[in-house]
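protein26.cif (mmCIF, C-alpha atoms) appears below.
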data_work
#
loop_
_atom_site.group_PDB
_atom_site.id
_atom_site.type_symbol
_atom_site.label_atom_id
_atom_site.label_comp_id
_atom_site.auth_asym_id
_atom_site.auth_seq_id
_atom_site.Cartn_x
_atom_site.Cartn_y
_atom_site.Cartn_z
ATOM 1 C CA PRO A 216 14.273 -69.005 -64.255
ATOM 2 C CA ARG A 217 11.052 -66.971 -64.617
ATOM 3 C CA LYS A 218 11.439 -63.187 -64.900
ATOM 4 C CA VAL A 219 9.942 -61.285 -61.980
ATOM 5 C CA GLU A 220 7.801 -58.371 -63.082
ATOM 6 C CA ARG A 221 7.436 -55.205 -61.009
ATOM 7 C CA PRO A 222 3.911 -55.078 -59.549
ATOM 8 C CA ALA A 223 1.835 -52.244 -61.080
ATOM 9 C CA VAL A 224 0.655 -51.171 -57.626
ATOM 10 C CA LEU A 225 4.138 -49.947 -56.829
ATOM 11 C CA ASP A 226 3.778 -47.324 -59.557
ATOM 12 C CA ARG A 227 0.843 -45.858 -57.639
ATOM 13 C CA THR A 228 2.639 -45.801 -54.320
ATOM 14 C CA PRO A 229 4.663 -42.673 -53.420
ATOM 15 C CA ARG A 230 8.321 -43.053 -53.187
ATOM 16 C CA VAL A 231 9.769 -43.201 -49.711
ATOM 17 C CA ASP A 232 11.196 -39.702 -50.033
ATOM 18 C CA SER A 233 7.939 -38.202 -51.355
ATOM 19 C CA TRP A 234 5.547 -38.839 -48.426
ATOM 20 C CA ALA A 235 3.649 -35.714 -47.283
ATOM 21 C CA LYS A 236 5.405 -33.985 -44.452
ATOM 22 C CA THR A 237 3.661 -34.460 -41.158
ATOM 23 C CA ARG A 238 3.386 -31.894 -38.343
ATOM 24 C CA THR A 239 5.418 -32.281 -35.255
ATOM 25 C CA THR A 240 3.604 -32.397 -31.946
ATOM 26 C CA ASP A 241 4.600 -28.798 -31.226
ATOM 27 C CA GLU A 242 3.182 -27.614 -34.526
ATOM 28 C CA SER A 243 -0.103 -29.421 -33.951
ATOM 29 C CA VAL A 244 -0.418 -27.994 -30.481
ATOM 30 C CA ALA A 245 0.294 -24.501 -31.807
ATOM 31 C CA ALA A 246 -2.365 -24.865 -34.510
ATOM 32 C CA MET A 247 -4.920 -26.086 -31.997
ATOM 33 C CA LYS A 248 -4.061 -23.162 -29.707
ATOM 34 C CA GLU A 249 -4.520 -20.728 -32.585
ATOM 35 C CA GLN A 250 -7.957 -22.182 -33.335
ATOM 36 C CA GLU A 251 -8.949 -22.036 -29.684
ATOM 37 C CA ASP A 252 -7.818 -18.390 -29.418
ATOM 38 C CA ALA A 253 -9.801 -17.480 -32.533
ATOM 39 C CA ALA A 254 -12.916 -19.176 -31.154
ATOM 40 C CA ALA A 255 -12.473 -17.420 -27.797
ATOM 41 C CA ALA A 256 -12.061 -14.041 -29.517
ATOM 42 C CA ALA A 257 -15.208 -14.619 -31.567
ATOM 43 C CA ALA A 258 -17.148 -15.593 -28.437
ATOM 44 C CA ALA A 259 -15.866 -12.523 -26.592
ATOM 45 C CA ALA A 260 -16.878 -10.286 -29.497
ATOM 46 C CA ALA A 261 -20.354 -11.833 -29.514
ATOM 47 C CA ASP A 262 -20.629 -11.311 -25.753
ATOM 48 C CA ASN A 263 -19.534 -7.690 -26.118
ATOM 49 C CA GLU A 264 -22.136 -7.117 -28.830
ATOM 50 C CA ILE A 265 -24.866 -8.633 -26.668
ATOM 51 C CA GLN A 266 -23.777 -6.506 -23.719
ATOM 52 C CA ALA A 267 -23.697 -3.394 -25.912
ATOM 53 C CA ARG A 268 -27.203 -4.097 -27.195
ATOM 54 C CA ALA A 269 -28.453 -4.716 -23.670
ATOM 55 C CA ALA A 270 -26.868 -1.477 -22.468
ATOM 56 C CA ALA A 271 -28.409 0.427 -25.392
ATOM 57 C CA LEU A 272 -31.827 -1.048 -24.593
ATOM 58 C CA VAL A 273 -31.535 -0.079 -20.937
ATOM 59 C CA GLU A 274 -30.460 3.443 -21.900
ATOM 60 C CA SER A 275 -33.347 3.739 -24.357
ATOM 61 C CA GLN A 276 -35.832 2.642 -21.709
ATOM 62 C CA ARG A 277 -34.345 5.055 -19.194
ATOM 63 C CA LYS A 278 -34.558 7.887 -21.702
ATOM 64 C CA SER A 279 -38.190 7.044 -22.433
ATOM 65 C CA VAL A 280 -39.143 6.982 -18.755
ATOM 66 C CA ASP A 281 -37.323 10.269 -18.141
ATOM 67 C CA THR A 282 -39.106 11.926 -21.069
ATOM 68 C CA LEU A 283 -42.564 10.685 -20.105
ATOM 69 C CA THR A 284 -41.971 11.791 -16.521
ATOM 70 C CA LEU A 285 -40.725 15.248 -17.500
ATOM 71 C CA ILE A 286 -43.688 15.901 -19.792
ATOM 72 C CA ARG A 287 -46.123 14.691 -17.127
ATOM 73 C CA GLU A 288 -44.568 17.033 -14.585
ATOM 74 C CA ARG A 289 -44.661 19.979 -16.990
ATOM 75 C CA VAL A 290 -48.267 19.251 -17.946
ATOM 76 C CA GLU A 291 -49.360 18.979 -14.329
ATOM 77 C CA ALA A 292 -47.500 22.207 -13.440
ATOM 78 C CA LEU A 293 -49.591 24.340 -15.825
ATOM 79 C CA PRO A 294 -51.879 26.894 -14.110
ATOM 80 C CA TYR A 295 -55.187 25.269 -15.053
ATOM 81 C CA ALA A 296 -57.387 27.820 -13.314
ATOM 82 C CA GLU A 297 -55.745 30.506 -15.442
ATOM 83 C CA MET A 298 -56.061 28.324 -18.541
ATOM 84 C CA ALA A 299 -59.748 27.644 -17.888
ATOM 85 C CA GLU A 300 -60.485 31.352 -17.461
ATOM 86 C CA ALA A 301 -58.647 32.194 -20.690
ATOM 87 C CA LEU A 302 -60.558 29.495 -22.574
ATOM 88 C CA ARG A 303 -63.883 30.830 -21.252
ATOM 89 C CA THR A 304 -63.175 34.489 -22.016
ATOM 90 C CA GLU A 305 -60.852 34.446 -25.037
ATOM 91 C CA GLY A 306 -61.115 30.919 -26.399
ATOM 92 C CA TYR A 307 -57.355 30.304 -26.242
ATOM 93 C CA TYR A 308 -54.425 30.143 -23.823
ATOM 94 C CA VAL A 309 -50.670 30.638 -24.414
ATOM 95 C CA ARG A 310 -47.780 29.305 -22.333
ATOM 96 C CA ASP A 311 -44.123 29.931 -23.117
ATOM 97 C CA ASN A 312 -41.202 27.784 -21.931
ATOM 98 C CA PHE A 313 -43.546 24.836 -21.628
ATOM 99 C CA LEU A 314 -41.051 21.956 -21.516
ATOM 100 C CA ASP A 315 -38.143 24.183 -20.521
ATOM 101 C CA LYS A 316 -35.562 21.530 -21.397
ATOM 102 C CA GLU A 317 -33.492 22.355 -24.446
ATOM 103 C CA GLU A 318 -32.038 18.860 -24.813
ATOM 104 C CA LEU A 319 -35.511 17.363 -25.266
ATOM 105 C CA ILE A 320 -36.706 20.197 -27.514
ATOM 106 C CA GLY A 321 -33.645 19.742 -29.717
ATOM 107 C CA GLU A 322 -34.279 16.006 -30.020
ATOM 108 C CA MET A 323 -37.887 16.595 -31.080
ATOM 109 C CA GLU A 324 -36.763 19.210 -33.597
ATOM 110 C CA GLN A 325 -34.151 16.860 -35.053
ATOM 111 C CA GLU A 326 -36.702 14.053 -35.340
ATOM 112 C CA ALA A 327 -38.975 16.300 -37.394
ATOM 113 C CA LEU A 328 -36.207 17.496 -39.715
ATOM 114 C CA THR A 329 -34.844 13.980 -40.200
ATOM 115 C CA MET A 330 -38.297 12.767 -41.215
ATOM 116 C CA MET A 331 -38.593 15.563 -43.770
ATOM 117 C CA VAL A 332 -35.116 15.086 -45.225
ATOM 118 C CA GLY A 333 -35.757 11.344 -45.388
ATOM 119 C CA ASP A 334 -38.851 11.994 -47.504
ATOM 120 C CA THR A 335 -41.113 10.180 -45.049
ATOM 121 C CA LEU A 336 -43.566 13.067 -44.573
ATOM 122 C CA GLU A 337 -46.478 13.789 -46.904
ATOM 123 C CA ARG A 338 -46.895 17.094 -48.672
ATOM 124 C CA ASP A 339 -49.922 19.072 -47.483
ATOM 125 C CA LEU A 340 -51.891 19.009 -50.723
ATOM 126 C CA SER A 341 -54.775 21.030 -49.267
ATOM 127 C CA ASN A 342 -52.411 24.034 -49.108
ATOM 128 C CA LEU A 343 -49.732 23.166 -51.629
ATOM 129 C CA GLU A 344 -48.267 26.671 -51.532
ATOM 130 C CA SER A 345 -47.760 26.429 -47.758
ATOM 131 C CA GLY A 346 -44.558 24.401 -48.081
ATOM 132 C CA GLU A 347 -45.699 22.206 -45.204
ATOM 133 C CA PHE A 348 -45.248 18.466 -44.789
ATOM 134 C CA THR A 349 -47.172 16.323 -42.357
ATOM 135 C CA THR A 350 -47.664 12.908 -40.809
ATOM 136 C CA ALA A 351 -50.164 11.501 -38.323
ATOM 137 C CA ILE A 352 -48.623 10.467 -35.018
ATOM 138 C CA GLN A 353 -50.027 7.015 -34.392
ATOM 139 C CA GLY A 354 -47.260 5.350 -32.408
ATOM 140 C CA GLY A 355 -46.384 1.771 -33.226
ATOM 141 C CA GLU A 356 -42.944 0.189 -33.347
ATOM 142 C CA ASP A 357 -41.913 1.599 -36.723
ATOM 143 C CA GLN A 358 -42.951 5.186 -36.026
ATOM 144 C CA TYR A 359 -41.552 5.108 -32.510
ATOM 145 C CA ALA A 360 -38.163 4.209 -33.966
ATOM 146 C CA ASP A 361 -38.263 7.442 -36.022
ATOM 147 C CA LEU A 362 -40.071 9.735 -33.562
ATOM 148 C CA PRO A 363 -39.485 8.446 -30.018
ATOM 149 C CA ARG A 364 -39.595 11.791 -28.192
ATOM 150 C CA THR A 365 -42.509 13.080 -30.298
ATOM 151 C CA VAL A 366 -44.583 9.970 -29.660
ATOM 152 C CA GLU A 367 -43.810 10.189 -25.938
ATOM 153 C CA TYR A 368 -44.914 13.830 -25.934
ATOM 154 C CA ILE A 369 -48.283 12.897 -27.455
ATOM 155 C CA VAL A 370 -48.762 9.928 -25.126
ATOM 156 C CA SER A 371 -47.924 11.817 -21.928
ATOM 157 C CA LEU A 372 -49.857 14.975 -22.792
ATOM 158 C CA THR A 373 -52.936 12.962 -23.803
ATOM 159 C CA ARG A 374 -52.799 10.969 -20.591
ATOM 160 C CA HIS A 375 -52.272 13.812 -18.124
ATOM 161 C CA MET A 376 -53.799 17.038 -19.499
ATOM 162 C CA PRO A 377 -57.482 15.955 -19.847
ATOM 163 C CA PRO A 378 -58.099 15.229 -16.138
ATOM 164 C CA MET A 379 -56.470 18.531 -15.185
ATOM 165 C CA ILE A 380 -58.766 20.457 -17.550
ATOM 166 C CA ASP A 381 -61.781 18.438 -16.410
ATOM 167 C CA GLU A 382 -61.180 19.522 -12.805
ATOM 168 C CA GLN A 383 -61.771 23.135 -13.843
ATOM 169 C CA LYS A 384 -65.182 22.336 -15.376
ATOM 170 C CA ALA A 385 -64.386 24.670 -18.256
ATOM 171 C CA LEU A 386 -65.922 22.639 -21.076
ATOM 172 C CA ASP A 387 -69.687 23.015 -20.579
ATOM 173 C CA GLY A 388 -70.065 19.703 -18.822
ATOM 174 C CA CYS A 389 -67.954 17.728 -21.302
ATOM 175 C CA LEU A 390 -65.213 15.430 -20.103
ATOM 176 C CA LEU A 391 -62.063 14.730 -22.075
ATOM 177 C CA ASP A 392 -60.821 11.292 -23.045
ATOM 178 C CA ALA A 393 -57.434 10.580 -21.442
ATOM 179 C CA ALA A 394 -56.929 7.486 -23.572
ATOM 180 C CA ALA A 395 -57.269 8.866 -27.104
ATOM 181 C CA SER A 396 -56.344 11.898 -29.187
ATOM 182 C CA THR A 397 -55.392 12.750 -32.763
ATOM 183 C CA GLY A 398 -51.839 13.999 -33.154
ATOM 184 C CA THR A 399 -50.029 15.385 -36.186
ATOM 185 C CA LEU A 400 -46.462 16.485 -36.819
ATOM 186 C CA ARG A 401 -46.073 19.328 -39.320
ATOM 187 C CA VAL A 402 -42.845 20.688 -40.801
ATOM 188 C CA PHE A 403 -42.453 23.833 -42.901
ATOM 189 C CA ASP A 404 -39.761 24.041 -45.587
ATOM 190 C CA ARG A 405 -38.977 27.430 -47.125
ATOM 191 C CA LYS A 406 -37.544 26.061 -50.364
ATOM 192 C CA ALA A 407 -40.602 23.873 -50.960
ATOM 193 C CA ARG A 408 -42.847 26.903 -50.443
ATOM 194 C CA GLU A 409 -40.860 29.083 -52.823
ATOM 195 C CA SER A 410 -40.907 26.358 -55.481
ATOM 196 C CA SER A 411 -44.698 26.075 -55.182
ATOM 197 C CA LEU A 412 -45.251 29.845 -55.302
ATOM 198 C CA ALA A 413 -43.111 30.078 -58.439
ATOM 199 C CA LEU A 414 -45.618 27.854 -60.250
ATOM 200 C CA LEU A 415 -48.604 30.081 -59.396
ATOM 201 C CA SER A 416 -49.713 32.862 -61.705
ATOM 202 C CA GLU A 417 -50.948 34.946 -58.772
ATOM 203 C CA ALA A 418 -50.604 35.056 -55.020
ATOM 204 C CA PRO A 419 -52.794 32.548 -53.161
ATOM 205 C CA PRO A 420 -55.897 34.000 -51.468
ATOM 206 C CA ALA A 421 -55.943 34.670 -47.748
ATOM 207 C CA ARG A 422 -56.982 31.691 -45.686
ATOM 208 C CA GLU A 423 -60.406 31.676 -44.098
ATOM 209 C CA PHE A 424 -61.214 31.287 -40.433
ATOM 210 C CA GLY A 425 -62.717 28.008 -39.314
ATOM 211 C CA LEU A 426 -63.057 25.531 -36.479
ATOM 212 C CA ALA A 427 -60.730 22.647 -35.790
ATOM 213 C CA ASN A 428 -63.885 20.616 -35.149
ATOM 214 C CA GLU A 429 -65.608 20.398 -38.526
ATOM 215 C CA ASP A 430 -68.854 18.759 -37.350
ATOM 216 C CA ASN A 431 -69.644 18.699 -33.662
ATOM 217 C CA SER A 432 -72.307 16.054 -34.123
ATOM 218 C CA SER A 433 -69.742 13.475 -35.208
ATOM 219 C CA ASP A 434 -66.351 15.082 -34.554
ATOM 220 C CA LEU A 435 -65.035 14.461 -31.028
ATOM 221 C CA LYS A 436 -62.308 17.120 -31.085
ATOM 222 C CA LYS A 437 -62.796 19.430 -28.091
ATOM 223 C CA VAL A 438 -59.454 21.036 -27.191
ATOM 224 C CA THR A 439 -56.620 21.679 -29.644
ATOM 225 C CA VAL A 440 -53.056 21.866 -28.326
ATOM 226 C CA LEU A 441 -50.302 23.258 -30.565
ATOM 227 C CA TYR A 442 -46.664 22.992 -29.593
ATOM 228 C CA PHE A 443 -44.180 25.064 -31.590
ATOM 229 C CA ILE A 444 -40.598 23.875 -32.095
ATOM 230 C CA SER A 445 -39.359 26.957 -33.917
ATOM 231 C CA PRO A 446 -35.633 27.077 -34.632
ATOM 232 C CA VAL A 447 -33.366 29.524 -32.883
ATOM 233 C CA GLY A 448 -33.469 32.708 -34.970
ATOM 234 C CA TRP A 449 -37.110 32.416 -36.030
ATOM 235 C CA ASP A 450 -38.680 35.871 -35.659
ATOM 236 C CA GLY A 451 -41.687 37.917 -36.749
ATOM 237 C CA LYS A 452 -40.339 38.263 -40.286
ATOM 238 C CA CYS A 453 -40.495 34.501 -40.730
ATOM 239 C CA GLY A 454 -44.297 34.380 -40.573
ATOM 240 C CA GLY A 455 -46.467 31.545 -39.366
ATOM 241 C CA GLY A 456 -48.568 31.252 -36.261
ATOM 242 C CA VAL A 457 -52.253 31.143 -35.431
ATOM 243 C CA ALA A 458 -54.723 34.028 -35.921
ATOM 244 C CA PHE A 459 -57.953 34.222 -33.918
ATOM 245 C CA GLU A 460 -60.971 35.949 -35.394
ATOM 246 C CA ALA A 461 -62.568 37.084 -32.121
ATOM 247 C CA ASP A 462 -59.867 39.533 -31.033
ATOM 248 C CA GLY A 463 -57.738 39.675 -34.188
ATOM 249 C CA SER A 464 -54.652 38.466 -32.349
ATOM 250 C CA VAL A 465 -51.905 36.369 -33.938
ATOM 251 C CA ILE A 466 -49.928 33.960 -31.778
ATOM 252 C CA ALA A 467 -46.570 33.723 -33.517
ATOM 253 C CA PRO A 468 -44.404 30.607 -33.477
ATOM 254 C CA ALA A 469 -41.825 30.587 -30.703
ATOM 255 C CA ARG A 470 -39.555 27.816 -29.515
ATOM 256 C CA ASP A 471 -41.153 25.828 -26.674
ATOM 257 C CA ARG A 472 -44.485 27.709 -26.923
ATOM 258 C CA LEU A 473 -47.733 25.909 -26.081
ATOM 259 C CA LEU A 474 -51.053 27.149 -27.481
ATOM 260 C CA VAL A 475 -54.374 25.718 -26.303
ATOM 261 C CA PHE A 476 -57.779 26.611 -27.775
ATOM 262 C CA LEU A 477 -61.301 25.245 -28.014
ATOM 263 C CA SER A 478 -61.716 23.072 -31.087
ATOM 264 C CA ASP A 479 -65.485 23.486 -31.476
ATOM 265 C CA SER A 480 -65.995 27.181 -30.743
ATOM 266 C CA THR A 481 -62.815 29.193 -31.345
ATOM 267 C CA LEU A 482 -62.499 30.407 -34.927
ATOM 268 C CA TYR A 483 -58.875 30.402 -36.066
ATOM 269 C CA ARG A 484 -56.644 30.151 -39.099
ATOM 270 C CA MET A 485 -53.038 29.146 -39.611
ATOM 271 C CA GLU A 486 -50.932 31.998 -40.927
ATOM 272 C CA PRO A 487 -48.520 31.095 -43.744
ATOM 273 C CA PHE A 488 -44.909 30.437 -42.822
ATOM 274 C CA SER A 489 -42.276 32.143 -44.944
ATOM 275 C CA GLY A 490 -38.920 31.738 -43.227
ATOM 276 C CA ARG A 491 -35.883 33.628 -44.454
ATOM 277 C CA GLU A 492 -32.378 32.980 -45.698
ATOM 278 C CA GLY A 493 -30.672 30.672 -43.243
ATOM 279 C CA VAL A 494 -33.901 29.913 -41.364
ATOM 280 C CA ASP A 495 -35.590 27.404 -43.645
ATOM 281 C CA ASN A 496 -37.637 25.118 -41.413
ATOM 282 C CA CYS A 497 -40.120 25.266 -38.592
ATOM 283 C CA SER A 498 -41.972 22.359 -37.019
ATOM 284 C CA TYR A 499 -44.943 22.086 -34.723
ATOM 285 C CA ILE A 500 -47.135 19.379 -33.215
ATOM 286 C CA VAL A 501 -50.923 19.506 -33.265
ATOM 287 C CA ASN A 502 -52.747 17.367 -30.728
ATOM 288 C CA HIS A 503 -56.548 17.348 -30.624
ATOM 289 C CA LEU A 504 -57.882 16.210 -27.262
ATOM 290 C CA LEU A 505 -61.184 14.397 -27.697
ATOM 291 C CA ARG A 506 -64.348 14.638 -25.667
ATOM 292 C CA LYS A 507 -65.792 11.470 -24.289
ATOM 293 C CA SER A 508 -68.880 10.096 -25.993
ATOM 294 C CA THR A 509 -72.315 11.235 -24.844
ATOM 295 C CA ASP A 510 -72.818 8.018 -22.893
ATOM 296 C CA GLU A 511 -69.473 8.382 -21.136
ATOM 297 C CA ASN A 512 -70.210 12.018 -20.218
ATOM 298 C CA GLN A 513 -73.551 11.031 -18.724
ATOM 299 C CA ALA A 514 -72.076 8.183 -16.712
#
Can you dump the structure from the file as structure tokens?
Amino acid sequence: PRKVERPAVLDRTPRVDSWAKTRTTDESVAAMKEQEDAAAAAAAAADNEIQARAAALVESQRKSVDTLTLIRERVEALPYAEMAEALRTEGYYVRDNFLDKEELIGEMEQEALTMMVGDTLERDLSNLESGEFTTAIQGGEDQYADLPRTVEYIVSLTRHMPPMIDEQKALDGCLLDAAASTGTLRVFDRKARESSLALLSEAPPAREFGLANEDNSSDLKKVTVLYFISPVGWDGKCGGGVAFEADGSVIAPARDRLLVFLSDSTLYRMEPFSGREGVDNCSYIVNHLLRKSTDENQA
């Protein structure tokens, strides 16, 4: 008889006792349940994140509306007849406790300091020894993310102060533009000032008086509005402020102080800030309200 050979394919076939173990029905169901639970948890987390973002957006919008409304109300509450008379006779007007809301003032102060610490402000190279840093307030999505309350202050003040001043007819027939202004945030840093002074061989000369409007034929600046956000503890020994040539007065920085003066006729100069140990920074906002063009004023 012919010898039967073992087929080679059997060598490649697992032995009966070596087949891979299969899952029981219960195990399969449990695995499927585990996958479903994981998917549900991931979906719930995504929903929670979306809801959190939506809530944050709503809160941000509410905060913005509240801020714009508060500033409008505070601007409209100013005694404009008194302001107009002061501008006519003295060239400037001072109002303390302007916003009168410490929460908002603190937010604006923190925005300024965060910008400086984050190295996003530019050094004032025109007065290097001043220790001041600055940035133009232009709005836009990126800047609003860093300076929301400051941008809202500029927007609301620019929109609502010009018509109130115009009603008093205090600007020699000029009307102010309620749709445009030039705003700047400035922050003083004591350590930066001391570092700059250490490099000088002699003390810097006294600053000269000048006009905020450098050329009335082409410069539209008409009214300058300064808002001081001095820290708690800032006093007369810390320096700073605005000096006026006409009467020799100096309006010192004070928290929540508003200073208004005529850009094209009131001679002024910024006094150097110095600070003191433990009181290193002071910020303020400069907003130049612009006159309308000649054609707009004649219309």
Any chance you could tabulate, as CSV, the residues of range 430-461 of chain A at most 10 Å from range 384-404 of chain A with each one's nearest atom pair and distance in Å to one decimal, using only C-alpha atoms, in chain and rising number order?
residue,atom,partner,partner_atom,distance
A:Leu435,CA,A:Ser396,CA,9.2
A:Lys436,CA,A:Ser396,CA,8.2
A:Lys437,CA,A:Leu391,CA,7.7
A:Val438,CA,A:Leu391,CA,8.5
A:Thr439,CA,A:Thr397,CA,9.5
A:Val440,CA,A:Gly398,CA,9.3
A:Leu441,CA,A:Thr399,CA,9.7
A:Tyr442,CA,A:Leu400,CA,9.7
A:Phe443,CA,A:Arg401,CA,9.8
A:Ile444,CA,A:Val402,CA,9.5
A:Ser445,CA,A:Val402,CA,9.9
A:Gly455,CA,A:Phe403,CA,9.4
Name all residues at most 12 Å from Glu423 in chain A (count only C-alpha atoms; drop same-chain ones fewer than 4 positions away) and give them as a PyMOL selection string. chain A and resi 419+457-460+482-487
Serialized selection, C-alpha atoms, as a compact mmCIF listing (two decimals), in the frame of the given file:
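Output file part.txt follows:
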# COMPACT_ATOMS: atom_id res chain seq x y z
CA PRO A 419 -52.79 32.55 -53.16
CA VAL A 457 -52.25 31.14 -35.43
CA ALA A 458 -54.72 34.03 -35.92
CA PHE A 459 -57.95 34.22 -33.92
CA GLU A 460 -60.97 35.95 -35.39
CA LEU A 482 -62.50 30.41 -34.93
CA TYR A 483 -58.88 30.40 -36.07
CA ARG A 484 -56.64 30.15 -39.10
CA MET A 485 -53.04 29.15 -39.61
CA GLU A 486 -50.93 32.00 -40.93
CA PRO A 487 -48.52 31.10 -43.74
Neighbours of Tyr308 in chain A within 9 Å (only C-alpha atoms; same-chain residues fewer than 3 positions away dropped), as a ChimeraX atom specification? /A:297-302,305,473-476
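Here CA of Glu326 in chain A stands at a distance of 6.8 Å from CA of Asp361 in chain A.
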Residues at most 10 Å from Thr349 in chain A, counting only C-alpha atoms, excluding those fewer than 3 positions away in the same chain, as a list in words?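 With the cut-off at 10 Å, the set is Ala327, Met330, Met331, Thr335, Leu336, Glu337, Arg338, Asp339, Leu340, Ile352, Thr399, Leu400, Arg401, Val402, Phe403, Ser498, Tyr499 and Ile500 of chain A.
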Here's a test: counting all atoms listed in the file, identify every protein, DNA and RNA residue with an atom at most 12 Å from (-50.3, 21.8, -53.9) in the file's coordinate frame, and state them as a ChimeraX atom specification. /A:337-348,407-415,419
Just give me the residues with any atom within 8 Å of (-45.4, 27.9, -26.2), file coordinates, counting all atoms listed in the file, written as a PyMOL selection string. chain A and resi 309-313+442-443+468-474
For the residues in the current selection, export C-alpha atoms as a CSV table (one decimal), keeping the file's coordinate frame.
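Okay, this is what ended up in again34.csv:
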chain,number,residue,atom,x,y,z
A,309,VAL,CA,-50.7,30.6,-24.4
A,310,ARG,CA,-47.8,29.3,-22.3
A,311,ASP,CA,-44.1,29.9,-23.1
A,312,ASN,CA,-41.2,27.8,-21.9
A,313,PHE,CA,-43.5,24.8,-21.6
A,442,TYR,CA,-46.7,23.0,-29.6
A,443,PHE,CA,-44.2,25.1,-31.6
A,468,PRO,CA,-44.4,30.6,-33.5
A,469,ALA,CA,-41.8,30.6,-30.7
A,470,ARG,CA,-39.6,27.8,-29.5
A,471,ASP,CA,-41.2,25.8,-26.7
A,472,ARG,CA,-44.5,27.7,-26.9
A,473,LEU,CA,-47.7,25.9,-26.1
A,474,LEU,CA,-51.1,27.1,-27.5
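Against the coordinates shown, the PyMOL selection byres ((chain A and resi 367) around 10) returns Ser279, Val280, Thr282, Leu283, Thr284, Ile286, Gly354, Tyr359, Leu362, Pro363, Arg364, Thr365, Val366, Tyr368, Ile369, Val370, Ser371, Leu372 and Thr373 of chain A.
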For each of A:Gly451, A:Gly321, A:Gly490, A:Pro294, take the minimum atom-to-atom distance to Val465 in chain A, counting all atoms listed in the file, then give the residue where this is smallest.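 Using all atoms listed in the file, the shortest distance to Val465 in chain A belongs to A:Gly451.
For the residues A:Ala418, A:Ala258, A:Leu426, A:Ile380, ranking by smallest atom-to-atom distance to Glu291 in chain A using all atoms listed in the file places A:Ile380 first.
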Around range 468-483 of chain A, with edges along x, y and z and 6 Å added on all six sides, what centre and edge lengths do you get, in Å to one decimal, as AutoDock Vina command-line options?
--center_x -52.8 --center_y 26.8 --center_z -31.1 --size_x 38.4 --size_y 19.5 --size_z 22.0
